[in-house]
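Worksheet for the structure shown next.
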Amino acid sequence: MFKVNLKKTWNNFTIKVDFEIPLGKVTALFGHSGAGKSSILRIISGLEIADEGMISDGKELWYDSTKQIHLPVQRRSIGFVFQDPSLFPHLTVEKNILYGVKGKRSLNEIKDLISLAGLSGYERFYPAQLSGGQKQRVTLIRALVRRPDLLLLDEPFSALDWEARRQLQEDLKRIIKQLNVTTLYVTHDITEVYKLADKVVVLESGKVLRHGTPEDIFMGKRLSTRIQIVGKVVGIESDSIMAAVTIMHEDQYFKALVDAEEIERLNLVVGDDVVIGAKSSDVIIFKVLTQF
Amino acid sequence: MNYTSKTSKISTSIISSNNSTRDSLKRFGDKRISDLLVESRNINVHKQRVREFIIEKLVFIGGLTAIVFIALIFIFLFKEGVRAFFLIKPMEFIGTHILDFDDNRVFACMWQPVGEPGKFSIVPLLIGSFLVALPATVISTILGVGCGIYLAEIASIRMREIIKPAIELLAGIPTVVIGFLCLTLLATFIQNVFHTTFRLNAFVGAIGVSLVIIPVVASITDDALRAVPSELREASYGLGATKWETIWKVVVPAGISGITASIILGMGRALGETMIVIMATGNAALVTGNIFSSVRTMTATIAAELGAVPHGSSQYYALFLIGSVLFLITFVLNLIAEIIINRMRKKLKL
């Protein structure tokens with residue numbers, strides 16, 4: 001269990017958080033931009049230093065302000081993937097992946113990782129010859145090849161188009177499950193939280209608002225039998241009594257009828273991320289629209 | 001129940017009402033405030049377009065003047081340089097047969113333009129120029145690139161604030177002052193250390209010239225390395241690399257095109273440097289490979305002789321030919337630099 005407890009103040013912004021990252025699970029750090037997600041990630045990785053607090057991986061202290069401990073980035077067993085690809089442009093895919101590998105590692109193991117990410121055949125390519133999605137795959141493998149105790153992902157797919165993103169999300173889920181690596185995932189995309197995370201920590205202006213499973217957090221309560229559609233609101237049509245909400249889930253459109261009051265209560269507008277959930281007995285199903 | 005779209009209904013009504021009012025108002029020759037605003041905006045847009053057009057053309061002319069000047073210099077230099085071939089046999093620019101002390105006919109490369117007959121071999125001058133420029137480039141590469149790496153990667157902000165202006169100040173010292181120091185202090189020091197035959201030699205000149213190029217190399221290297229995205233450094237740290245490993249394996253290779261450019265530019269500068277070499281290298285046109293020997297560079301020859309030469313003489317045109325050769329060499333160097341940089345950029349997409 002990773003324990004994170006930090007406080008850091010910039011000119012007019014303070015981060016003060018305390019949360020845990022369960023081993024072998026994916027924890028999502030969810031919040032809107034400016035909530036301090038990326039800063040927390042940078043502090044955990046050691047690229048920035050907190051003012052006070054403690055970071056521990058359960059066995060060793062990575063940072064402790066009272067004991068004056070600050071492990072440099074190099075000594076922390078981490079792997080991170082940033083929003084923008086950070087591949088070394090002068091090295092081939094293979095050399096990029098092997099960059100962080102100290103000593104001899106069996107080449108088969110690395111080959112397995114490469115094929116796991118669907119990159120076989122690209123070993124001799126330079127980053128400039130790869131697509132955005134492929135670059136992020138290489139970055140991911142490069143981070144994982146060192147077998148880090150903690151994988152830090154900072155909105156790794158936000159620069160990609162929808163299709164590449166979906167494919168990568170699935171691959172990421174598969175790879176993480178297979179390698180059983182503890183992951184902290186920063187995102188502002190609720191769909192990604194639902195897809196990938198076992199636990200979610202909701203941040204707002206530098207503070208932890210809530211944490212728990214995605215269902216607990218975003219639906220308020222657990223429904224025994226439920227149907228969930230996660231997506232973005234693309235249209236609201238309402239009169240005084242009922243409202244039809246159209247949401248887009250990946251490339252699919254769904255329409256749901258709800259009370260108009262509910263729309264007002266939630267202050268729902270086009271562009272919001274929503275989860276539509278209901279007991280299966282209560283669901284009215286519309287046929288999926290692929291176009292308007 | 002009636003689920004008519006609230007929003008779409010509103011928007012359609014706005015559009016339709018808009019159209020109808022506009023039509024009706026037009027008929028009466030009237031104008032609404034919004035129409036007037038649109039019109040004034042159109043006038044503004046028009047003004048802006050005219051202004052942009054003028055600025056664009058001015059900038060274009062600015063760019064064109066640079067090309068025109070280069071072309072004019074090129075034409076003048078070559079027009080005069082080519083006429084040397086009418087007065088002097090082409091072979092003589094490499095060497096001539098002379099009689100040595102034992103009256104044997106030997107082939108010699110000599111620059112003795114005022115002798116009778118004049119000897120116009122540019123070989124010793126080429127050797128002289130490169131014997132100064134190459135060591136100067138090596139010295140300034142080691143020190144300048146090192147300095148650039150220090151400035152961009154290692155120096156604290158405070159150190160940087162002290163060192164960067166100091167380096168720029170070094171670039172601002174008049175070359176005649178550096179030449180003076182080389183002639184008086186450095187030459188004696190070098191002779192005492194290396195026990196050289198010639199007090200003023202290519203090596204002394206090279207050190208002096210490198211003082212002028214180091215700031216150029218350091219500052220371009222600094223810029224090139226600072227342009228390397230910080231994500232690459234952080235990624236390298238995150239993969240367990242130390243600061244030095246990061247610098248040598250990531251930052252320098254990623255900024256290599258800028259560093260290469262700085263070195264080649266520095267070499268061009270070294271070949272063109274005149275004042276320091278005229279003061280510090282001894283100006284003896286010798287064919288030699290020894291960097292502790294006196295040499296005479298192309299630039300020093302032109303500077304020293306052109307003012308005193310009769311207009312229209314063989315020597316006059318020979319000097320122009322030397323100028324053309326120098327121009328060509330620096331042109332080719334810049335071209336090579338450009339090609340190398342473009343290739344790297346394409347490969348790395350930097």
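Labels used: A, B, ... for chains in the order of the structure tokens, numbers from 1 for residues in each chain, and numbers from 1 for ligands as shown.
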Each chain A residue no farther than 9 Å from chain B, nearest pair in Å, only C-alpha atoms, as JSON lines:
{"residue": "A:Ser45", "atom": "CA", "partner": "B:Gly238", "partner_atom": "CA", "distance": 7.6}
{"residue": "A:Gly46", "atom": "CA", "partner": "B:Gly238", "partner_atom": "CA", "distance": 8.7}
{"residue": "A:Leu47", "atom": "CA", "partner": "B:Glu234", "partner_atom": "CA", "distance": 7.3}
{"residue": "A:Pro72", "atom": "CA", "partner": "B:Tyr237", "partner_atom": "CA", "distance": 8.8}
{"residue": "A:Val73", "atom": "CA", "partner": "B:Gly238", "partner_atom": "CA", "distance": 5.9}
{"residue": "A:Gln74", "atom": "CA", "partner": "B:Gly240", "partner_atom": "CA", "distance": 4.1}
{"residue": "A:Arg75", "atom": "CA", "partner": "B:Gly240", "partner_atom": "CA", "distance": 6.7}
{"residue": "A:Arg76", "atom": "CA", "partner": "B:Gly240", "partner_atom": "CA", "distance": 8.1}
{"residue": "A:Ser77", "atom": "CA", "partner": "B:Gly240", "partner_atom": "CA", "distance": 8.4}
{"residue": "A:Ile78", "atom": "CA", "partner": "B:Gly238", "partner_atom": "CA", "distance": 6.7}
{"residue": "A:Gly79", "atom": "CA", "partner": "B:Gly238", "partner_atom": "CA", "distance": 6.2}
{"residue": "A:Phe80", "atom": "CA", "partner": "B:Gly238", "partner_atom": "CA", "distance": 6.8}
{"residue": "A:Val81", "atom": "CA", "partner": "B:Ala235", "partner_atom": "CA", "distance": 8.1}
{"residue": "A:Phe82", "atom": "CA", "partner": "B:Glu231", "partner_atom": "CA", "distance": 7.9}
{"residue": "A:Asp84", "atom": "CA", "partner": "B:Glu231", "partner_atom": "CA", "distance": 8.3}
{"residue": "A:Pro85", "atom": "CA", "partner": "B:Glu231", "partner_atom": "CA", "distance": 8.4}
{"residue": "A:Ser86", "atom": "CA", "partner": "B:Leu232", "partner_atom": "CA", "distance": 5.4}
{"residue": "A:Leu87", "atom": "CA", "partner": "B:Leu232", "partner_atom": "CA", "distance": 6.9}
{"residue": "A:Phe88", "atom": "CA", "partner": "B:Leu232", "partner_atom": "CA", "distance": 6.5}
{"residue": "A:Pro89", "atom": "CA", "partner": "B:Leu348", "partner_atom": "CA", "distance": 5.2}
{"residue": "A:His90", "atom": "CA", "partner": "B:Leu348", "partner_atom": "CA", "distance": 6.0}
{"residue": "A:Leu91", "atom": "CA", "partner": "B:Leu348", "partner_atom": "CA", "distance": 9.0}
{"residue": "A:Tyr99", "atom": "CA", "partner": "B:Leu239", "partner_atom": "CA", "distance": 7.3}
{"residue": "A:Gly100", "atom": "CA", "partner": "B:Leu239", "partner_atom": "CA", "distance": 4.7}
{"residue": "A:Val101", "atom": "CA", "partner": "B:Leu239", "partner_atom": "CA", "distance": 8.1}
{"residue": "A:Lys102", "atom": "CA", "partner": "B:Gly240", "partner_atom": "CA", "distance": 8.7}
{"residue": "A:Tyr126", "atom": "CA", "partner": "B:Leu348", "partner_atom": "CA", "distance": 7.6}
{"residue": "A:Pro127", "atom": "CA", "partner": "B:Leu348", "partner_atom": "CA", "distance": 7.6}
{"residue": "A:Ala128", "atom": "CA", "partner": "B:Lys349", "partner_atom": "CA", "distance": 5.9}
{"residue": "A:Gln129", "atom": "CA", "partner": "B:Lys347", "partner_atom": "CA", "distance": 8.7}
{"residue": "A:Arg142", "atom": "CA", "partner": "B:Leu239", "partner_atom": "CA", "distance": 8.1}
{"residue": "A:Ala143", "atom": "CA", "partner": "B:Leu239", "partner_atom": "CA", "distance": 7.0}
{"residue": "A:Arg146", "atom": "CA", "partner": "B:Leu239", "partner_atom": "CA", "distance": 7.7}
{"residue": "A:Ile236", "atom": "CA", "partner": "B:Ser5", "partner_atom": "CA", "distance": 8.4}
{"residue": "A:Glu237", "atom": "CA", "partner": "B:Ser5", "partner_atom": "CA", "distance": 5.1}
{"residue": "A:Ser238", "atom": "CA", "partner": "B:Lys6", "partner_atom": "CA", "distance": 6.4}
{"residue": "A:Asp239", "atom": "CA", "partner": "B:Tyr3", "partner_atom": "CA", "distance": 6.5}
{"residue": "A:Met242", "atom": "CA", "partner": "B:Tyr3", "partner_atom": "CA", "distance": 7.8}
{"residue": "A:Ala243", "atom": "CA", "partner": "B:Tyr3", "partner_atom": "CA", "distance": 7.7}
{"residue": "A:Ala244", "atom": "CA", "partner": "B:Tyr3", "partner_atom": "CA", "distance": 7.9}
Would you please extract all helix (DSSP H, G or I) residues from region 11-40 of chain A, as assigned by DSSP on the backbone, and give them as a ChimeraX atom specification? /A:37-40
For the selection you just gave me, I'd like the residues written to a file as a PDB file, in the first residue's frame, keeping N, CA and C atoms.
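Full text of selection16.pdb as output:
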ATOM      1  N   LYS A  37      -3.908  17.712 -10.084  1.00  0.00           N
ATOM      2  CA  LYS A  37      -3.606  16.293 -10.324  1.00  0.00           C
ATOM      3  C   LYS A  37      -2.166  16.066 -10.755  1.00  0.00           C
ATOM      4  N   SER A  38      -1.778  16.801 -11.803  1.00  0.00           N
ATOM      5  CA  SER A  38      -0.441  16.586 -12.358  1.00  0.00           C
ATOM      6  C   SER A  38       0.645  16.949 -11.356  1.00  0.00           C
ATOM      7  N   SER A  39       0.400  18.003 -10.566  1.00  0.00           N
ATOM      8  CA  SER A  39       1.398  18.403  -9.572  1.00  0.00           C
ATOM      9  C   SER A  39       1.615  17.299  -8.558  1.00  0.00           C
ATOM     10  N   ILE A  40       0.519  16.658  -8.136  1.00  0.00           N
ATOM     11  CA  ILE A  40       0.648  15.561  -7.175  1.00  0.00           C
ATOM     12  C   ILE A  40       1.484  14.438  -7.779  1.00  0.00           C
TER      13      ILE A  40
END
Which residues, written as a ChimeraX atom specification, have at least one atom at most 12 Å from Ala133 (chain B), with only C-alpha atoms counted and residues fewer than 6 positions away on the same chain left out? /B:126-127,139-141,202-210,212-213,263-274,276-277,281,291,295,297-299,330
Using CA of Lys59 (chain A) and CA of Phe2 (chain A) as the two end points, give the distance in Å to one decimal.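 Separation of CA of Lys59 (chain A) and CA of Phe2 (chain A): 8.9 Å.
CA of Glu92 (chain B) is positioned 16.9 Å from CA of Gly323 (chain B).
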